[in-house]
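J.: Starting off with a structure, shown below.
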Amino acid sequence: MTDSSTLIPTLKKYFGFDSFRNQQEEIINTVLEQKDCLVIMPTGGGKSICFQLPALMFSGITLVISPLIALMKDQVDGLRANGIEADYFNSSQAGEEQQEILEKVVTSKLKLLYVAPESLGALENILKEAYISCVAIDEAHCISSWGHDFRPSYQQLSFLKRSLPNTPVIALTATADKATRQDIIDQLQIPNAKQFITSFDRKNIGLEVRPANDRVNQIIDFIAQRPNQSGIIYCLSRKSTEQLKDRLQSKGIDAHAYHAGLNFEERTKVQEDFIFDKTQVVCATVAFGMGIDKSNVRWVIHYNMPKNLEGYYQEIGRAGRDGTKAKALLFHSYADVLQLRRFIDGTTNEQLQVAKLDRMKQFSEATSCRRKILLSYFGELLAKNCGNCDICKNPPQFFNGTVIAQKALSVITRLRQSESMGVIIDVLRGAKNATTLDKHYDQLPSYGIGNDIAWKDWQHYIIQLIDQGYCEIAFHKHNALQLTHFSREVLFNGQQVQMTKPIERNVQIEEQKEKTKKSKKKDTLFERLRLLRLKISLEENIPAYLIFSDATLKEIEAERPMSEAEFKQISGVGQRKMEVYGDEFIAEINAFMAEKKKKTKKSDTAKVTYEMYKKGMSIEAIAEARDLKAPTVFSHLSKLYSEGKEIDMYQFVTKEEVISVKNAKKELNSPEGLKPYFDHFNEELEYSKIRLALTILDRENR
Ligand code: ADP
Ligand code: ZN
């Protein structure tokens with residue numbers, strides 16, 4: 001086992017990070033022990049390091065199987081920016097170029113080689129353990145027809161383990177479900193793979209759902225609050241991506257549409273421009289995003305409701321990969337729900353899709369922490385409310401709903417956990433209909449125990465029970481409601497359940513508050529650093545976020561490193577980036593600080609004058625001590641006085657003089673500047689006295 005004392009220096013040197021995240025260290029150690037593993041980590045969780053770091057420590061190369069050419073190029077660019085020898089191999093390259101790459105493999109010039117599964121055949125001659133130390137399979141769910149991105153070419157990967165029996169295989173994916181997981185292991189023939197399943201929580205993504213009324217204007221406002229922030233807006237149809245793009249463009253927003261109706265060149269251009277921060281907003285169908293690793297996507301909006309939570313979570317996951325604050329906004333409309341329902345009608349697994357849509361709908365209508373709901377859908381339970389969703393920030397009023405919960409859960413128990421929500425509610429309410437009567441449910445002791453609550457309200461309460469994990473829907477058993485181990489706590493151990501009344505909430509309050517709070521800060525160091533990053537990105541033709549992530553820029557802004565040694569302390573600054581970019585960034589910080597100093601100088605210098613004045617020094621003494629002219633000192637005192645400081649101005653100007661300035665002001669009709677007064681008094685009253693008098697009059701008037 002390699003301990004972190006040897007791994008961390010390498011992590012810092014090449015990637016600029018000081019510590020591991022999640023289970024990265026354990027995973028890396030497993031790979032280094034040459035054991036197979038399967039890594040399930042959410043998008044942005046930090047999967048790449050899990051094979052990129054071991055790759056640096058192996059003698060041979062690490063072969064990385066990746067489904068998309070665009071993604072490969074991005075990863076290779078990122079590695080090279082960190083000073084790591086990497087390349088990719090695919091069908092878009094000429095034979096000569098491919099030959100060169102093979103040459104580099106054989107002569108050990110590379111640490112990582114990215115390859116599309118289709119191109120593996122062309123690598124036959126180097127698929128030998130003499131050359132290859134590790135195989136990483138990115139987006140491993142593509143191998144499974146259970147998964148949502150099945151790629152037939154991935155299925156040939158099973159031969160890898162046969163050709164390279166002693167080479168460790170690390171398969172990585174963000175798709176969690178069990179069937180897919182097992183399929184990956186079976187197909188890759190890695191039955192002993194150690195599985196690492198990390199939390200799916202993406203804490204930095206703030207969740208919000210709003211009613212869809214007037215959503216275009218809401219979006220325009222939303223973007224106006226976030227100048228220069230990259231974002232994606234997902235729409236259900238090609239037509240709505242185009243229409244929305246037009247509306248946004250008409251408001252001067254730099255938006256483009258992306259959908260399957262565009263030709264390859266057009267799509268590539270939109271994607272490239274987005275990756276390079278040349279386009280701020282993309283209005284897209286769900287096709288957009290697969291080939292994008294862009295870590296500085298700051299927000300994702302769902303113009304329409306997605307058809308299930310898997311899709312929703314995958315799409316919002318494209319925001320905030322760098323770990324800094326990001327936002328996911330979903331517009332919820334009943335019309336969308338109906339349309340999605342129509343799409344599902346008559347499809348092969350209709351029931352399952354309907355149930356999934358229902359969960360999506362419940363998420364949108366939630367009155368309890370949305371992240372809890374989302375994670376519970378993926379089988380993960382959050383102990384506490386997240387504090388970073390609209391419900392947490394603007395909570396609905398809660399009451400003790402324990403009795404209501406007990407009634408519902410006891411009916412579920414009585415019905416042997418085999419009935420759906422509708423039947424449960426019918427029994428609770430003592431409905432006399434075919435189901436309840438045919439099945440003799442009217443004979444049950446709990447029949448009708450909830451007849452004081454309306455049908456619709458029961459639905460609202462039971463949805464909350466599901467959302468809070470006290471019961472769950474079994475999709476594969478006709479959506480029967482079933483108990484969870486938390487149900488027992490409520491039924492038998494006195495666990496209290498908090499619920500909300502079914503009320504209309506104004507979900508936009510929070511956003512409004514944020515809006516008024518937000519000042520328009522343009523000339524920040526972050527903005528300056530961002531522009532510098534953009535400039536370098538265009539010069540070097542690599543995406544800006546590969547130079548430094550937003551998280552790194554934020555830290556540079558906060559720490560303001562002034563030397564190489566300090567710059568190296570920043571998370572995300574490794575050896576090569578330090579050498580290549582350090583000077584330029586430090587110079588930018590210096591320039592910014594110098595300008596700031598200049599700007600603040602005026603108020604500072606007045607403060608120094610004030611300190612001396614308080615000590616009882618005369619104007620002349622202050623002027624002499626500070627090497628200033630007397631009028632300058634007077635101007636400081638005027639400024640301080642008008643700011644409300646305690647200064648006896650009549651020391652410097654008589655009451656009579658102030659009165660005559662007052663009269664002159666009236667007579668001259670409050671002229672601009674001091675010159676008219678100076679002329680009015682036939683040059684007999686000094687400028688500094690006029691200024692002092694005006695300052696006094698000003699403050700008296702206020
Ligand atoms: P994934 O492939 O799981 O979507 P990435 O490997 O692209 O995630 O990593 C997401 C982001 O997190 C990247 O910007 C990466 O630089 C950053 N990151 C990864 N590991 C660490 C770490 N240990 N410390 C800080 N940042 C990290
Ligand atoms: Zn929450």
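Letters A, B, ... go to the chains of the structure tokens in the order shown; residues in each chain start at 1; ligands are counted from 1 in the same order.
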Would you list, as a ChimeraX atom specification, the residues of segment 338-456 of chain A that end up in helix (DSSP H, G or I) under DSSP run on this structure's backbone?
T.: /A:338-344,350-364,370-377,390-393,402-414,421-429,434-438,441-443,455-456
J.: Write out as JSON lines a residue-level contact list of chain A versus ligand 1 with cut-off 7 Å: for each qualifying residue the closest pair of atoms and the distance in Å to one decimal, counting only C-alpha atoms and all ligand atoms, rows sorted by chain and residue number upward.
T.:
```
{"residue": "A:Phe17", "atom": "CA", "partner": "ligand 1", "partner_atom_place_in_ligand_line": "24 (N)", "distance": 5.0}
{"residue": "A:Asp18", "atom": "CA", "partner": "ligand 1", "partner_atom_place_in_ligand_line": "24 (N)", "distance": 6.8}
{"residue": "A:Ser19", "atom": "CA", "partner": "ligand 1", "partner_atom_place_in_ligand_line": "23 (N)", "distance": 5.3}
{"residue": "A:Phe20", "atom": "CA", "partner": "ligand 1", "partner_atom_place_in_ligand_line": "23 (N)", "distance": 3.8}
{"residue": "A:Arg21", "atom": "CA", "partner": "ligand 1", "partner_atom_place_in_ligand_line": "23 (N)", "distance": 4.4}
{"residue": "A:Met41", "atom": "CA", "partner": "ligand 1", "partner_atom_place_in_ligand_line": "3 (O)", "distance": 6.0}
{"residue": "A:Pro42", "atom": "CA", "partner": "ligand 1", "partner_atom_place_in_ligand_line": "3 (O)", "distance": 5.8}
{"residue": "A:Thr43", "atom": "CA", "partner": "ligand 1", "partner_atom_place_in_ligand_line": "4 (O)", "distance": 3.6}
{"residue": "A:Gly44", "atom": "CA", "partner": "ligand 1", "partner_atom_place_in_ligand_line": "4 (O)", "distance": 3.4}
{"residue": "A:Gly45", "atom": "CA", "partner": "ligand 1", "partner_atom_place_in_ligand_line": "3 (O)", "distance": 4.0}
{"residue": "A:Gly46", "atom": "CA", "partner": "ligand 1", "partner_atom_place_in_ligand_line": "6 (O)", "distance": 3.5}
{"residue": "A:Lys47", "atom": "CA", "partner": "ligand 1", "partner_atom_place_in_ligand_line": "3 (O)", "distance": 3.8}
{"residue": "A:Ser48", "atom": "CA", "partner": "ligand 1", "partner_atom_place_in_ligand_line": "6 (O)", "distance": 3.7}
{"residue": "A:Ile49", "atom": "CA", "partner": "ligand 1", "partner_atom_place_in_ligand_line": "6 (O)", "distance": 5.8}
{"residue": "A:Asp293", "atom": "CA", "partner": "ligand 1", "partner_atom_place_in_ligand_line": "7 (O)", "distance": 6.4}
{"residue": "A:Ser295", "atom": "CA", "partner": "ligand 1", "partner_atom_place_in_ligand_line": "14 (O)", "distance": 5.6}
{"residue": "A:Arg321", "atom": "CA", "partner": "ligand 1", "partner_atom_place_in_ligand_line": "10 (C)", "distance": 5.1}
{"residue": "A:Asp322", "atom": "CA", "partner": "ligand 1", "partner_atom_place_in_ligand_line": "14 (O)", "distance": 4.2}
{"residue": "A:Gly323", "atom": "CA", "partner": "ligand 1", "partner_atom_place_in_ligand_line": "12 (O)", "distance": 6.5}
{"residue": "A:Ser549", "atom": "CA", "partner": "ligand 1", "partner_atom_place_in_ligand_line": "14 (O)", "distance": 6.1}
{"residue": "A:Ser571", "atom": "CA", "partner": "ligand 1", "partner_atom_place_in_ligand_line": "25 (C)", "distance": 6.7}
{"residue": "A:Gly572", "atom": "CA", "partner": "ligand 1", "partner_atom_place_in_ligand_line": "25 (C)", "distance": 6.8}
```
J.: Residues within 7 Å of ligand 2, counting only C-alpha atoms and all ligand atoms: report them as a list in words.
T.: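 Sorted by chain and then by number, the residues are Cys369, Arg370, Arg371, Lys372, Asn385, Cys386, Gly387, Asn388, Cys389, Asp390, Ile391 and Cys392 of chain A.
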J.: Once DSSP has gone over the backbone, tell me which residues of segment 74-177 of chain A are in strand (DSSP E or B), as a list in words.
T.: Ala86, Asp87, Tyr88, Phe89, Leu112, Leu113, Tyr114, Val115, Ile132, Ser133, Cys134, Val135, Ala136, Ile137, Val169, Ile170, Ala171, Leu172 and Thr173 of chain A
J.: Tell me, in Å to one decimal, how far atom CA of Ser59 of chain A is from atom CA of Ile101 of chain A.
T.: 17.3 Å
J.: Find the residues around segment 682-688 of chain A up to 8 Å (only C-alpha atoms counted), leave out those fewer than 4 positions away in its own chain, and share them as a list in words.
T.: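 Using only C-alpha atoms, the neighbours found are Pro631, Phe634, Ser635, Leu674, Phe678 and Leu692 of chain A.
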J.: Hey, can you check how far atom CA of Glu419 of chain A sits from atom CA of Ala480 of chain A?
T.: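 Interatomic distance, atom CA of Glu419 of chain A to atom CA of Ala480 of chain A: 4.5 Å.
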